[in-house]
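As stored in data_36.pdb (PDB, C-alpha atoms):
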MODEL        1
ATOM      1  CA  MET N   1     397.472 220.169 -56.376
ATOM      2  CA  ARG N   2     400.647 220.494 -54.392
ATOM      3  CA  SER N   3     400.304 224.274 -53.913
ATOM      4  CA  GLU N   4     396.799 223.749 -52.502
ATOM      5  CA  ASN N   5     398.093 221.332 -49.922
ATOM      6  CA  LEU N   6     400.834 223.697 -48.866
ATOM      7  CA  SER N   7     398.405 226.582 -48.444
ATOM      8  CA  GLY N   8     396.571 224.546 -45.811
ATOM      9  CA  ILE N   9     399.683 224.346 -43.633
ATOM     10  CA  ASP N  10     400.303 227.042 -41.022
ATOM     11  CA  ALA N  11     402.541 229.863 -42.103
ATOM     12  CA  PRO N  12     405.436 229.234 -39.622
ATOM     13  CA  THR N  13     405.740 225.573 -40.650
ATOM     14  CA  CYS N  14     405.761 226.626 -44.252
ATOM     15  CA  SER N  15     408.524 229.204 -43.803
ATOM     16  CA  LYS N  16     410.585 226.657 -41.853
ATOM     17  CA  ALA N  17     410.236 224.155 -44.639
ATOM     18  CA  ARG N  18     411.517 226.688 -47.133
ATOM     19  CA  VAL N  19     414.830 227.137 -45.359
ATOM     20  CA  LEU N  20     416.897 224.377 -46.900
ATOM     21  CA  LEU N  21     420.182 223.053 -45.644
ATOM     22  CA  PRO N  22     423.103 224.110 -47.844
ATOM     23  CA  THR N  23     423.626 220.459 -48.753
ATOM     24  CA  ALA N  24     419.995 220.094 -49.746
ATOM     25  CA  ARG N  25     420.178 223.298 -51.774
ATOM     26  CA  ILE N  26     423.173 222.014 -53.747
ATOM     27  CA  ARG N  27     421.399 218.716 -54.300
ATOM     28  CA  GLU N  28     418.270 220.445 -55.570
ATOM     29  CA  ALA N  29     420.295 222.539 -57.986
ATOM     30  CA  LEU N  30     422.076 219.476 -59.355
ATOM     31  CA  ARG N  31     418.818 217.560 -59.582
ATOM     32  CA  ASN N  32     417.197 220.338 -61.592
ATOM     33  CA  ILE N  33     419.981 220.160 -64.131
ATOM     34  CA  GLY N  34     419.886 216.358 -64.107
ATOM     35  CA  ASN N  35     416.142 216.219 -64.637
ATOM     36  CA  TRP N  36     416.388 218.656 -67.513
ATOM     37  CA  LEU N  37     419.110 216.567 -69.175
ATOM     38  CA  ARG N  38     417.245 213.322 -68.539
ATOM     39  CA  ARG N  39     414.150 214.597 -70.316
ATOM     40  CA  LEU N  40     416.233 215.636 -73.327
ATOM     41  CA  TYR N  41     417.975 212.241 -73.296
ATOM     42  CA  PHE N  42     414.671 210.386 -73.467
ATOM     43  CA  ILE N  43     413.350 212.663 -76.205
ATOM     44  CA  HIS N  44     416.394 212.744 -78.468
ATOM     45  CA  VAL N  45     417.981 209.336 -77.926
ATOM     46  CA  TRP N  46     414.878 207.208 -77.454
ATOM     47  CA  HIS N  47     412.290 209.326 -79.351
ATOM     48  CA  MET N  48     409.796 209.311 -76.512
ATOM     49  CA  GLN N  49     407.272 212.130 -76.221
ATOM     50  CA  ILE N  50     407.705 213.876 -72.904
ATOM     51  CA  GLY N  51     406.077 217.267 -72.317
ATOM     52  CA  GLU N  52     407.702 220.380 -70.979
ATOM     53  CA  GLY N  53     408.319 220.457 -67.226
ATOM     54  CA  SER N  54     407.803 216.726 -66.720
ATOM     55  CA  ILE N  55     410.128 215.047 -64.280
ATOM     56  CA  ILE N  56     411.250 211.452 -64.714
ATOM     57  CA  SER N  57     412.993 210.312 -61.562
ATOM     58  CA  PHE N  58     416.461 208.801 -61.882
ATOM     59  CA  GLY N  59     415.150 205.545 -60.435
ATOM     60  CA  ALA N  60     412.163 205.336 -62.775
ATOM     61  CA  THR N  61     412.010 202.917 -65.694
ATOM     62  CA  LEU N  62     410.588 203.877 -69.063
ATOM     63  CA  ASP N  63     410.280 200.922 -71.417
ATOM     64  CA  LYS N  64     413.031 200.919 -74.029
ATOM     65  CA  THR N  65     411.787 197.914 -75.982
ATOM     66  CA  TYR N  66     409.247 200.111 -77.809
ATOM     67  CA  PRO N  67     410.353 203.611 -76.787
ATOM     68  CA  GLN N  68     408.353 205.543 -79.365
ATOM     69  CA  GLY N  69     405.154 204.387 -77.650
ATOM     70  CA  VAL N  70     405.730 206.415 -74.477
ATOM     71  CA  HIS N  71     403.715 209.663 -74.394
ATOM     72  CA  ILE N  72     403.857 211.822 -71.265
ATOM     73  CA  GLY N  73     402.195 215.236 -70.966
ATOM     74  CA  LYS N  74     403.361 218.494 -69.407
ATOM     75  CA  ASN N  75     404.315 218.991 -65.758
ATOM     76  CA  SER N  76     403.888 215.339 -64.812
ATOM     77  CA  VAL N  77     406.027 213.457 -62.343
ATOM     78  CA  VAL N  78     407.125 209.833 -62.565
ATOM     79  CA  ALA N  79     408.521 209.051 -59.130
ATOM     80  CA  PHE N  80     411.419 206.762 -58.243
ATOM     81  CA  GLY N  81     411.116 203.052 -58.906
ATOM     82  CA  ALA N  82     408.021 203.502 -61.065
ATOM     83  CA  ALA N  83     407.808 201.611 -64.348
ATOM     84  CA  VAL N  84     405.992 202.714 -67.498
ATOM     85  CA  LEU N  85     405.753 199.717 -69.822
ATOM     86  CA  THR N  86     404.966 199.520 -73.527
ATOM     87  CA  HIS N  87     405.598 195.859 -74.240
ATOM     88  CA  ASP N  88     403.881 192.731 -73.021
ATOM     89  CA  GLY N  89     406.139 189.722 -73.445
ATOM     90  CA  THR N  90     403.507 187.231 -72.340
ATOM     91  CA  ASN N  91     401.053 188.159 -75.062
ATOM     92  CA  GLY N  92     403.751 189.100 -77.580
ATOM     93  CA  ARG N  93     402.587 192.619 -78.322
ATOM     94  CA  VAL N  94     403.577 196.238 -77.935
ATOM     95  CA  SER N  95     401.231 199.143 -77.190
ATOM     96  CA  ASN N  96     401.338 202.886 -76.825
ATOM     97  CA  ILE N  97     400.941 204.465 -73.422
ATOM     98  CA  TYR N  98     399.558 207.922 -72.684
ATOM     99  CA  ILE N  99     400.004 209.884 -69.481
ATOM    100  CA  GLY N 100     398.325 213.300 -69.394
ATOM    101  CA  ASP N 101     399.314 216.664 -67.941
ATOM    102  CA  ASN N 102     399.874 217.308 -64.219
ATOM    103  CA  CYS N 103     399.877 213.614 -63.310
ATOM    104  CA  LEU N 104     401.756 211.962 -60.489
ATOM    105  CA  ILE N 105     402.865 208.349 -60.859
ATOM    106  CA  GLY N 106     403.784 207.289 -57.338
ATOM    107  CA  PRO N 107     406.942 205.494 -56.256
ATOM    108  CA  LYS N 108     407.283 201.863 -57.399
ATOM    109  CA  ALA N 109     403.980 201.960 -59.285
ATOM    110  CA  ILE N 110     403.627 200.037 -62.554
ATOM    111  CA  VAL N 111     401.676 201.296 -65.538
ATOM    112  CA  LEU N 112     400.916 198.388 -67.843
ATOM    113  CA  PRO N 113     400.966 198.715 -71.649
ATOM    114  CA  GLY N 114     397.978 200.125 -73.493
ATOM    115  CA  VAL N 115     396.793 202.270 -70.590
ATOM    116  CA  VAL N 116     395.614 205.871 -70.998
ATOM    117  CA  ILE N 117     395.949 208.029 -67.881
ATOM    118  CA  GLU N 118     394.172 211.335 -68.452
ATOM    119  CA  ASP N 119     395.026 214.768 -67.019
ATOM    120  CA  ASN N 120     395.331 215.610 -63.307
ATOM    121  CA  CYS N 121     395.538 212.042 -62.025
ATOM    122  CA  VAL N 122     397.348 210.662 -59.008
ATOM    123  CA  VAL N 123     398.525 207.044 -58.943
ATOM    124  CA  ASP N 124     399.276 205.755 -55.452
ATOM    125  CA  PRO N 125     402.638 204.233 -54.559
ATOM    126  CA  ALA N 126     403.224 200.571 -55.495
ATOM    127  CA  SER N 127     399.946 200.247 -57.381
ATOM    128  CA  VAL N 128     399.546 198.396 -60.680
ATOM    129  CA  VAL N 129     397.503 200.329 -63.248
ATOM    130  CA  ALA N 130     395.907 197.848 -65.639
ATOM    131  CA  ARG N 131     392.976 199.934 -66.981
ATOM    132  CA  ASN N 132     392.390 203.436 -68.269
ATOM    133  CA  VAL N 133     392.123 206.194 -65.677
ATOM    134  CA  ARG N 134     389.615 209.052 -66.064
ATOM    135  CA  ALA N 135     390.720 212.675 -65.690
ATOM    136  CA  GLY N 136     391.025 213.967 -62.130
ATOM    137  CA  SER N 137     390.883 210.635 -60.359
ATOM    138  CA  HIS N 138     393.051 209.192 -57.638
ATOM    139  CA  VAL N 139     393.759 205.478 -58.055
ATOM    140  CA  GLY N 140     395.609 202.929 -55.987
ATOM    141  CA  GLY N 141     396.042 199.250 -55.194
ATOM    142  CA  ASN N 142     396.874 196.129 -57.149
ATOM    143  CA  PRO N 143     395.052 196.156 -59.565
ATOM    144  CA  ALA N 144     394.424 199.911 -59.329
ATOM    145  CA  ARG N 145     390.935 201.063 -58.381
ATOM    146  CA  ILE N 146     389.548 204.554 -57.929
ATOM    147  CA  VAL N 147     390.244 205.734 -54.386
ATOM    148  CA  GLY N 148     389.031 209.318 -54.703
ATOM    149  CA  ASN N 149     388.665 212.372 -56.877
ATOM    150  CA  ILE N 150     390.892 215.356 -57.186
ATOM    151  CA  LYS N 151     388.963 218.601 -57.016
ATOM    152  CA  ASP N 152     390.064 221.446 -59.205
TER
ATOM    153  CA  MET C   1     395.349 216.014 -72.813
ATOM    154  CA  ASN C   2     392.019 215.570 -74.492
ATOM    155  CA  PRO C   3     390.975 211.893 -74.534
ATOM    156  CA  GLU C   4     389.233 212.311 -77.907
ATOM    157  CA  SER C   5     392.487 213.520 -79.465
ATOM    158  CA  VAL C   6     394.359 210.455 -78.226
ATOM    159  CA  PRO C   7     394.805 207.845 -80.922
ATOM    160  CA  GLY C   8     393.686 204.455 -79.727
ATOM    161  CA  ALA C   9     396.192 202.800 -77.449
ATOM    162  CA  ALA C  10     395.579 199.550 -79.236
ATOM    163  CA  ALA C  11     397.908 196.592 -79.134
ATOM    164  CA  LEU C  12     400.296 196.400 -82.051
ATOM    165  CA  ASP C  13     402.154 193.478 -83.492
ATOM    166  CA  PRO C  14     405.859 193.882 -82.620
ATOM    167  CA  SER C  15     406.885 192.558 -86.031
ATOM    168  CA  GLN C  16     404.949 195.417 -87.698
ATOM    169  CA  THR C  17     406.588 198.195 -85.690
ATOM    170  CA  LYS C  18     409.883 199.837 -86.549
ATOM    171  CA  VAL C  19     412.644 199.059 -84.062
ATOM    172  CA  PRO C  20     414.801 202.168 -83.487
ATOM    173  CA  LEU C  21     418.573 201.908 -83.663
ATOM    174  CA  PRO C  22     419.257 202.564 -79.951
ATOM    175  CA  THR C  23     416.922 199.697 -79.073
ATOM    176  CA  GLN C  24     418.688 197.374 -81.504
ATOM    177  CA  ILE C  25     422.079 198.173 -79.968
ATOM    178  CA  ARG C  26     420.651 197.760 -76.490
ATOM    179  CA  GLU C  27     419.177 194.336 -77.292
ATOM    180  CA  LEU C  28     422.533 193.156 -78.608
ATOM    181  CA  PHE C  29     424.377 194.040 -75.410
ATOM    182  CA  ARG C  30     421.597 192.680 -73.249
ATOM    183  CA  GLU C  31     421.786 189.266 -74.902
ATOM    184  CA  VAL C  32     425.484 188.962 -74.036
ATOM    185  CA  ALA C  33     425.080 190.337 -70.520
ATOM    186  CA  ARG C  34     422.128 188.032 -69.796
ATOM    187  CA  ARG C  35     424.252 184.950 -70.469
ATOM    188  CA  LEU C  36     427.079 186.282 -68.337
ATOM    189  CA  ARG C  37     424.669 187.021 -65.531
ATOM    190  CA  ARG C  38     423.344 183.457 -65.530
ATOM    191  CA  GLN C  39     426.878 182.057 -65.358
ATOM    192  CA  TYR C  40     427.617 184.488 -62.523
ATOM    193  CA  PHE C  41     424.681 183.208 -60.489
ATOM    194  CA  ILE C  42     425.580 179.588 -61.144
ATOM    195  CA  HIS C  43     429.317 179.729 -60.514
ATOM    196  CA  VAL C  44     429.659 182.482 -57.937
ATOM    197  CA  TRP C  45     426.494 181.934 -55.897
ATOM    198  CA  HIS C  46     425.782 178.251 -56.664
ATOM    199  CA  MET C  47     422.164 178.911 -57.559
ATOM    200  CA  HIS C  48     420.331 176.509 -59.844
ATOM    201  CA  VAL C  49     419.380 178.579 -62.871
ATOM    202  CA  GLY C  50     418.317 176.446 -65.807
ATOM    203  CA  GLU C  51     419.434 176.728 -69.394
ATOM    204  CA  GLY C  52     418.058 179.729 -71.254
ATOM    205  CA  SER C  53     416.588 181.374 -68.157
ATOM    206  CA  VAL C  54     416.781 185.145 -67.994
ATOM    207  CA  VAL C  55     417.205 187.068 -64.777
ATOM    208  CA  SER C  56     416.804 190.813 -65.223
ATOM    209  CA  PHE C  57     419.583 193.132 -64.110
ATOM    210  CA  LYS C  58     417.282 194.812 -61.633
ATOM    211  CA  ALA C  59     415.871 191.564 -60.223
ATOM    212  CA  ASN C  60     416.981 190.447 -56.776
ATOM    213  CA  LEU C  61     417.737 186.814 -56.042
ATOM    214  CA  ASP C  62     418.284 186.277 -52.328
ATOM    215  CA  LYS C  63     421.979 185.867 -51.573
ATOM    216  CA  THR C  64     421.498 184.998 -47.900
ATOM    217  CA  ASN C  65     420.720 181.414 -48.902
ATOM    218  CA  PRO C  66     421.731 181.298 -52.570
ATOM    219  CA  ARG C  67     421.733 177.508 -52.771
ATOM    220  CA  GLY C  68     417.988 177.499 -52.132
ATOM    221  CA  ILE C  69     417.073 179.099 -55.440
ATOM    222  CA  HIS C  70     415.973 176.708 -58.174
ATOM    223  CA  VAL C  71     414.868 178.243 -61.466
ATOM    224  CA  GLY C  72     413.902 175.958 -64.346
ATOM    225  CA  GLN C  73     414.658 176.247 -68.038
ATOM    226  CA  TYR C  74     413.617 179.175 -70.261
ATOM    227  CA  SER C  75     412.004 181.148 -67.446
ATOM    228  CA  VAL C  76     412.098 184.907 -67.037
ATOM    229  CA  VAL C  77     412.455 186.926 -63.846
ATOM    230  CA  ALA C  78     411.529 190.492 -64.822
ATOM    231  CA  PHE C  79     412.939 193.734 -63.433
ATOM    232  CA  GLY C  80     412.382 194.659 -59.808
ATOM    233  CA  ALA C  81     411.229 191.153 -58.874
ATOM    234  CA  ALA C  82     412.555 189.613 -55.666
ATOM    235  CA  VAL C  83     412.976 185.892 -55.033
ATOM    236  CA  LEU C  84     413.534 185.339 -51.303
ATOM    237  CA  THR C  85     414.898 182.226 -49.620
ATOM    238  CA  TYR C  86     415.570 183.359 -46.070
ATOM    239  CA  ASP C  87     412.841 184.097 -43.564
ATOM    240  CA  PRO C  88     414.322 186.545 -41.030
ATOM    241  CA  VAL C  89     411.287 186.340 -38.724
ATOM    242  CA  LYS C  90     411.500 182.585 -38.202
ATOM    243  CA  ARG C  91     415.227 182.497 -38.973
ATOM    244  CA  ARG C  92     414.863 179.684 -41.428
ATOM    245  CA  ASN C  93     416.225 178.901 -44.842
ATOM    246  CA  LEU C  94     413.509 177.770 -47.202
ATOM    247  CA  ASP C  95     413.986 176.709 -50.812
ATOM    248  CA  VAL C  96     412.155 178.360 -53.676
ATOM    249  CA  HIS C  97     411.418 176.347 -56.807
ATOM    250  CA  ILE C  98     410.393 178.002 -60.066
ATOM    251  CA  GLY C  99     409.486 175.687 -62.938
ATOM    252  CA  ASP C 100     410.147 175.788 -66.670
ATOM    253  CA  ASN C 101     408.751 178.424 -69.083
ATOM    254  CA  CYS C 102     407.579 180.671 -66.244
ATOM    255  CA  LEU C 103     407.310 184.432 -66.189
ATOM    256  CA  ILE C 104     407.792 186.288 -62.928
ATOM    257  CA  GLY C 105     406.434 189.771 -63.627
ATOM    258  CA  ALA C 106     407.873 193.168 -62.784
ATOM    259  CA  HIS C 107     408.116 194.093 -59.067
ATOM    260  CA  ALA C 108     406.740 190.698 -57.995
ATOM    261  CA  VAL C 109     407.860 189.192 -54.685
ATOM    262  CA  ILE C 110     408.232 185.435 -54.194
ATOM    263  CA  LEU C 111     408.286 184.653 -50.476
ATOM    264  CA  PRO C 112     410.509 181.901 -49.032
ATOM    265  CA  GLY C 113     409.395 178.290 -49.320
ATOM    266  CA  VAL C 114     407.119 178.780 -52.323
ATOM    267  CA  THR C 115     407.007 176.301 -55.202
ATOM    268  CA  ILE C 116     405.865 177.567 -58.594
ATOM    269  CA  GLY C 117     405.053 174.902 -61.166
ATOM    270  CA  ASP C 118     405.857 174.800 -64.863
ATOM    271  CA  GLN C 119     404.272 177.196 -67.365
ATOM    272  CA  CYS C 120     403.077 179.710 -64.781
ATOM    273  CA  ILE C 121     402.647 183.448 -65.196
ATOM    274  CA  VAL C 122     403.002 185.661 -62.134
ATOM    275  CA  ALA C 123     401.576 189.101 -62.965
ATOM    276  CA  ALA C 124     403.299 192.400 -62.248
ATOM    277  CA  GLY C 125     403.383 193.589 -58.641
ATOM    278  CA  CYS C 126     402.228 190.225 -57.324
ATOM    279  CA  VAL C 127     403.180 188.893 -53.869
ATOM    280  CA  VAL C 128     403.290 185.085 -53.965
ATOM    281  CA  THR C 129     402.756 183.584 -50.519
ATOM    282  CA  ARG C 130     401.573 180.064 -51.367
ATOM    283  CA  ASN C 131     402.468 177.310 -53.783
ATOM    284  CA  ILE C 132     401.229 177.689 -57.333
ATOM    285  CA  PRO C 133     400.283 174.619 -59.390
ATOM    286  CA  SER C 134     401.444 174.264 -62.982
ATOM    287  CA  CYS C 135     399.752 176.125 -65.866
ATOM    288  CA  THR C 136     398.171 178.945 -63.844
ATOM    289  CA  LEU C 137     398.103 182.723 -64.071
ATOM    290  CA  VAL C 138     398.190 184.499 -60.717
ATOM    291  CA  ALA C 139     397.804 188.195 -59.921
ATOM    292  CA  GLY C 140     397.277 190.565 -57.004
ATOM    293  CA  ASN C 141     398.520 190.926 -53.470
ATOM    294  CA  PRO C 142     398.383 188.263 -52.041
ATOM    295  CA  ALA C 143     398.519 186.220 -55.262
ATOM    296  CA  ARG C 144     395.210 184.750 -56.369
ATOM    297  CA  VAL C 145     394.603 182.349 -59.228
ATOM    298  CA  VAL C 146     393.086 184.253 -62.153
ATOM    299  CA  GLU C 147     393.201 181.592 -64.835
ATOM    300  CA  LYS C 148     393.922 177.878 -64.957
ATOM    301  CA  GLY C 149     395.054 175.618 -67.743
ATOM    302  CA  ILE C 150     397.161 178.153 -69.650
ATOM    303  CA  ARG C 151     400.018 177.094 -71.900
ATOM    304  CA  THR C 152     403.265 178.968 -72.319
ATOM    305  CA  ASP C 153     406.240 178.656 -74.601
ATOM    306  CA  HIS C 154     409.831 179.671 -73.882
ATOM    307  CA  TYR C 155     410.204 182.879 -71.822
ATOM    308  CA  GLY C 156     406.612 182.712 -70.661
ATOM    309  CA  VAL C 157     405.136 183.669 -74.044
ATOM    310  CA  ARG C 158     401.553 182.579 -73.967
ATOM    311  CA  ILE C 159     400.190 180.096 -76.474
ATOM    312  CA  ARG C 160     396.567 180.812 -77.329
ATOM    313  CA  THR C 161     394.562 178.057 -78.856
TER
ENDMDL
END
Starting from the file, lay out its structure as structure tokens.
Amino acid sequence: MRSENLSGIDAPTCSKARVLLPTARIREALRNIGNWLRRLYFIHVWHMQIGEGSIISFGATLDKTYPQGVHIGKNSVVAFGAAVLTHDGTNGRVSNIYIGDNCLIGPKAIVLPGVVIEDNCVVDPASVVARNVRAGSHVGGNPARIVGNIKD
Amino acid sequence: MNPESVPGAAALDPSQTKVPLPTQIRELFREVARRLRRQYFIHVWHMHVGEGSVVSFKANLDKTNPRGIHVGQYSVVAFGAAVLTYDPVKRRNLDVHIGDNCLIGAHAVILPGVTIGDQCIVAAGCVVTRNIPSCTLVAGNPARVVEKGIRTDHYGVRIRT
């Protein structure tokens, strides 16, 4: 998805974007290590299922009340401030949550317990996902509705 | 991920599920820290936080006008929620009242001057702009009444009849 978008940009802009400041380069390198450690921390300490290459932002919240219910696929991104919940205090229950491969959970979005997000989905920033999301769809809003489709 | 291969994401009873050790340790520390946090709000900021109320560590209570916050007994303010008491546009301090046995959901925003009655549930990501009567469930942005006449126990746990 992201590579497609970049290919649409003119070549000079693209090459400019690739030249990172030294500070940014150091930050990226540290972040890569941090992300790698964070994934291992969630898997081994909390027994969550997080696929290879998935990135959980340092500001993101994964529910630790019922940690074994979190299932995230490969190469997905959970952006900063987003929350993936597995317990519902109001109704006194816990549920599993499934996020597929190549998904993007936008910043500050909330995924409520019991939701299945299939592969190749994009969740808009600050949206609240209360129902299951079909593969390849783009959802947003509170509560989240389908905004568009993602073409392969 | 193949949706057919996914086992049903059905609701489970928390008493039936195994609680892992890290979670048990975490809950223990949280219980202590919760009580300390309430005392901190009461004695340092002079907010009115009732007995047994829980304010999450990531929740924001407005410290511009801390005396304007009134939270009842056995209510919960979940993570990321913001309770505001100062309106910077009109430059006014407005009190916020939250009743007993309420639940303010994750990432919800309570705007200044709002009164929330007893036994209310504010859903996740909700922006509350108007007063909410007692025993209602509100959701959305701006908050709309979804259900009336609900009953809740301590910490906003819903009683179904």
So what does the PyMOL selection byres ((chain N) within 10 of (chain C)) actually pick up in this one, as a PDB file with C-alpha atoms, in the frame of the given file?
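And here's result35.pdb as it stands now:
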ATOM      1  CA  VAL N  45     417.981 209.336 -77.926  1.00  0.00           C
ATOM      2  CA  TRP N  46     414.878 207.208 -77.454  1.00  0.00           C
ATOM      3  CA  HIS N  47     412.290 209.326 -79.351  1.00  0.00           C
ATOM      4  CA  THR N  61     412.010 202.917 -65.694  1.00  0.00           C
ATOM      5  CA  LYS N  64     413.031 200.919 -74.029  1.00  0.00           C
ATOM      6  CA  THR N  65     411.787 197.914 -75.982  1.00  0.00           C
ATOM      7  CA  TYR N  66     409.247 200.111 -77.809  1.00  0.00           C
ATOM      8  CA  PRO N  67     410.353 203.611 -76.787  1.00  0.00           C
ATOM      9  CA  GLN N  68     408.353 205.543 -79.365  1.00  0.00           C
ATOM     10  CA  GLY N  69     405.154 204.387 -77.650  1.00  0.00           C
ATOM     11  CA  ILE N  72     403.857 211.822 -71.265  1.00  0.00           C
ATOM     12  CA  GLY N  73     402.195 215.236 -70.966  1.00  0.00           C
ATOM     13  CA  LYS N  74     403.361 218.494 -69.407  1.00  0.00           C
ATOM     14  CA  GLY N  81     411.116 203.052 -58.906  1.00  0.00           C
ATOM     15  CA  ALA N  82     408.021 203.502 -61.065  1.00  0.00           C
ATOM     16  CA  ALA N  83     407.808 201.611 -64.348  1.00  0.00           C
ATOM     17  CA  LEU N  85     405.753 199.717 -69.822  1.00  0.00           C
ATOM     18  CA  THR N  86     404.966 199.520 -73.527  1.00  0.00           C
ATOM     19  CA  HIS N  87     405.598 195.859 -74.240  1.00  0.00           C
ATOM     20  CA  ASP N  88     403.881 192.731 -73.021  1.00  0.00           C
ATOM     21  CA  GLY N  89     406.139 189.722 -73.445  1.00  0.00           C
ATOM     22  CA  THR N  90     403.507 187.231 -72.340  1.00  0.00           C
ATOM     23  CA  ASN N  91     401.053 188.159 -75.062  1.00  0.00           C
ATOM     24  CA  GLY N  92     403.751 189.100 -77.580  1.00  0.00           C
ATOM     25  CA  ARG N  93     402.587 192.619 -78.322  1.00  0.00           C
ATOM     26  CA  VAL N  94     403.577 196.238 -77.935  1.00  0.00           C
ATOM     27  CA  SER N  95     401.231 199.143 -77.190  1.00  0.00           C
ATOM     28  CA  ASN N  96     401.338 202.886 -76.825  1.00  0.00           C
ATOM     29  CA  ILE N  97     400.941 204.465 -73.422  1.00  0.00           C
ATOM     30  CA  TYR N  98     399.558 207.922 -72.684  1.00  0.00           C
ATOM     31  CA  ILE N  99     400.004 209.884 -69.481  1.00  0.00           C
ATOM     32  CA  GLY N 100     398.325 213.300 -69.394  1.00  0.00           C
ATOM     33  CA  ASP N 101     399.314 216.664 -67.941  1.00  0.00           C
ATOM     34  CA  ASN N 102     399.874 217.308 -64.219  1.00  0.00           C
ATOM     35  CA  LYS N 108     407.283 201.863 -57.399  1.00  0.00           C
ATOM     36  CA  ALA N 109     403.980 201.960 -59.285  1.00  0.00           C
ATOM     37  CA  ILE N 110     403.627 200.037 -62.554  1.00  0.00           C
ATOM     38  CA  VAL N 111     401.676 201.296 -65.538  1.00  0.00           C
ATOM     39  CA  LEU N 112     400.916 198.388 -67.843  1.00  0.00           C
ATOM     40  CA  PRO N 113     400.966 198.715 -71.649  1.00  0.00           C
ATOM     41  CA  GLY N 114     397.978 200.125 -73.493  1.00  0.00           C
ATOM     42  CA  VAL N 115     396.793 202.270 -70.590  1.00  0.00           C
ATOM     43  CA  VAL N 116     395.614 205.871 -70.998  1.00  0.00           C
ATOM     44  CA  ILE N 117     395.949 208.029 -67.881  1.00  0.00           C
ATOM     45  CA  GLU N 118     394.172 211.335 -68.452  1.00  0.00           C
ATOM     46  CA  ASP N 119     395.026 214.768 -67.019  1.00  0.00           C
ATOM     47  CA  ASN N 120     395.331 215.610 -63.307  1.00  0.00           C
ATOM     48  CA  ALA N 126     403.224 200.571 -55.495  1.00  0.00           C
ATOM     49  CA  SER N 127     399.946 200.247 -57.381  1.00  0.00           C
ATOM     50  CA  VAL N 128     399.546 198.396 -60.680  1.00  0.00           C
ATOM     51  CA  VAL N 129     397.503 200.329 -63.248  1.00  0.00           C
ATOM     52  CA  ALA N 130     395.907 197.848 -65.639  1.00  0.00           C
ATOM     53  CA  ASN N 132     392.390 203.436 -68.269  1.00  0.00           C
ATOM     54  CA  ARG N 134     389.615 209.052 -66.064  1.00  0.00           C
ATOM     55  CA  ALA N 135     390.720 212.675 -65.690  1.00  0.00           C
ATOM     56  CA  GLY N 141     396.042 199.250 -55.194  1.00  0.00           C
ATOM     57  CA  ASN N 142     396.874 196.129 -57.149  1.00  0.00           C
ATOM     58  CA  PRO N 143     395.052 196.156 -59.565  1.00  0.00           C
TER      59      PRO N 143
END
**Message:** Quick check on the file I pasted: which residues fall under the PyMOL selection byres ((chain C and resi 75) around 10)? Write them as a PyMOL selection string.
**Reply:** chain C and resi 49-55+71-74+76-78+98-104+118-121+153-157
Requested write-out: C-alpha atoms of the selected residues, as a compact mmCIF listing (two decimals), keeping the file's coordinate frame:
# COMPACT_ATOMS: atom_id res chain seq x y z
CA VAL C 49 419.38 178.58 -62.87
CA GLY C 50 418.32 176.45 -65.81
CA GLU C 51 419.43 176.73 -69.39
CA GLY C 52 418.06 179.73 -71.25
CA SER C 53 416.59 181.37 -68.16
CA VAL C 54 416.78 185.14 -67.99
CA VAL C 55 417.20 187.07 -64.78
CA VAL C 71 414.87 178.24 -61.47
CA GLY C 72 413.90 175.96 -64.35
CA GLN C 73 414.66 176.25 -68.04
CA TYR C 74 413.62 179.18 -70.26
CA VAL C 76 412.10 184.91 -67.04
CA VAL C 77 412.46 186.93 -63.85
CA ALA C 78 411.53 190.49 -64.82
CA ILE C 98 410.39 178.00 -60.07
CA GLY C 99 409.49 175.69 -62.94
CA ASP C 100 410.15 175.79 -66.67
CA ASN C 101 408.75 178.42 -69.08
CA CYS C 102 407.58 180.67 -66.24
CA LEU C 103 407.31 184.43 -66.19
CA ILE C 104 407.79 186.29 -62.93
CA ASP C 118 405.86 174.80 -64.86
CA GLN C 119 404.27 177.20 -67.36
CA CYS C 120 403.08 179.71 -64.78
CA ILE C 121 402.65 183.45 -65.20
CA ASP C 153 406.24 178.66 -74.60
CA HIS C 154 409.83 179.67 -73.88
CA TYR C 155 410.20 182.88 -71.82
CA GLY C 156 406.61 182.71 -70.66
CA VAL C 157 405.14 183.67 -74.04
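One distance worth recording is that between CA of Leu84 in chain C and CA of Val127 in chain C, which is 11.2 Å.
With distances restricted to only C-alpha atoms, N:Val78 is the closest residue to Cys103 in chain N from N:Val84, N:Ile43, N:Val78, N:Leu21.
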**Request:** Expand the PyMOL selection byres ((chain C and resi 95) around 7) into the individual residues it matches in the shown file, reporting them as a list in words.
**Result:** Gly68, Ile69, Thr85, Asn93, Leu94, Val96, His97, Pro112 and Gly113 of chain C
**Nearest to Gly106 in chain N, chosen from N:Ile26, N:Ile56, N:Ile150, N:Ile50, with all atoms listed in the file counted in the distances** = N:Ile56
**Message:** So that I can check the surroundings of Arg39 in chain N, please list as a PyMOL selection string every protein, DNA and RNA residue that reaches within 9 Å of it, counting only C-alpha atoms and ignoring chain neighbours fewer than 2 positions away.
**Reply:** chain N and resi 34-37+41-44+50-56
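Taking CA of Ile110 in chain C and CA of Arg30 in chain C as the two end points, the separation is 24.4 Å.
Pairwise distance (CA of Asn65 in chain C, CA of His48 in chain C) equals 12.0 Å.
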Kindly compute an axis-aligned box around the listed atoms of range 56-73 of chain N, allowing 6 Å on each side, and express its centre and edge lengths in Å to one decimal as lines of an AutoDock Vina configuration file.
center_x = 409.3
center_y = 206.6
center_z = -69.9
size_x = 26.3
size_y = 29.3
size_z = 30.9
**Item:** Contact residues around Val122 in chain N with only C-alpha atoms at 8 Å, ignoring same-chain residues under 2 positions, as a list in words
**Value:** Cys103, Leu104, Ile105, Gly106, Asn120, Asp124, Gly136, Ser137, His138 and Val139 of chain N
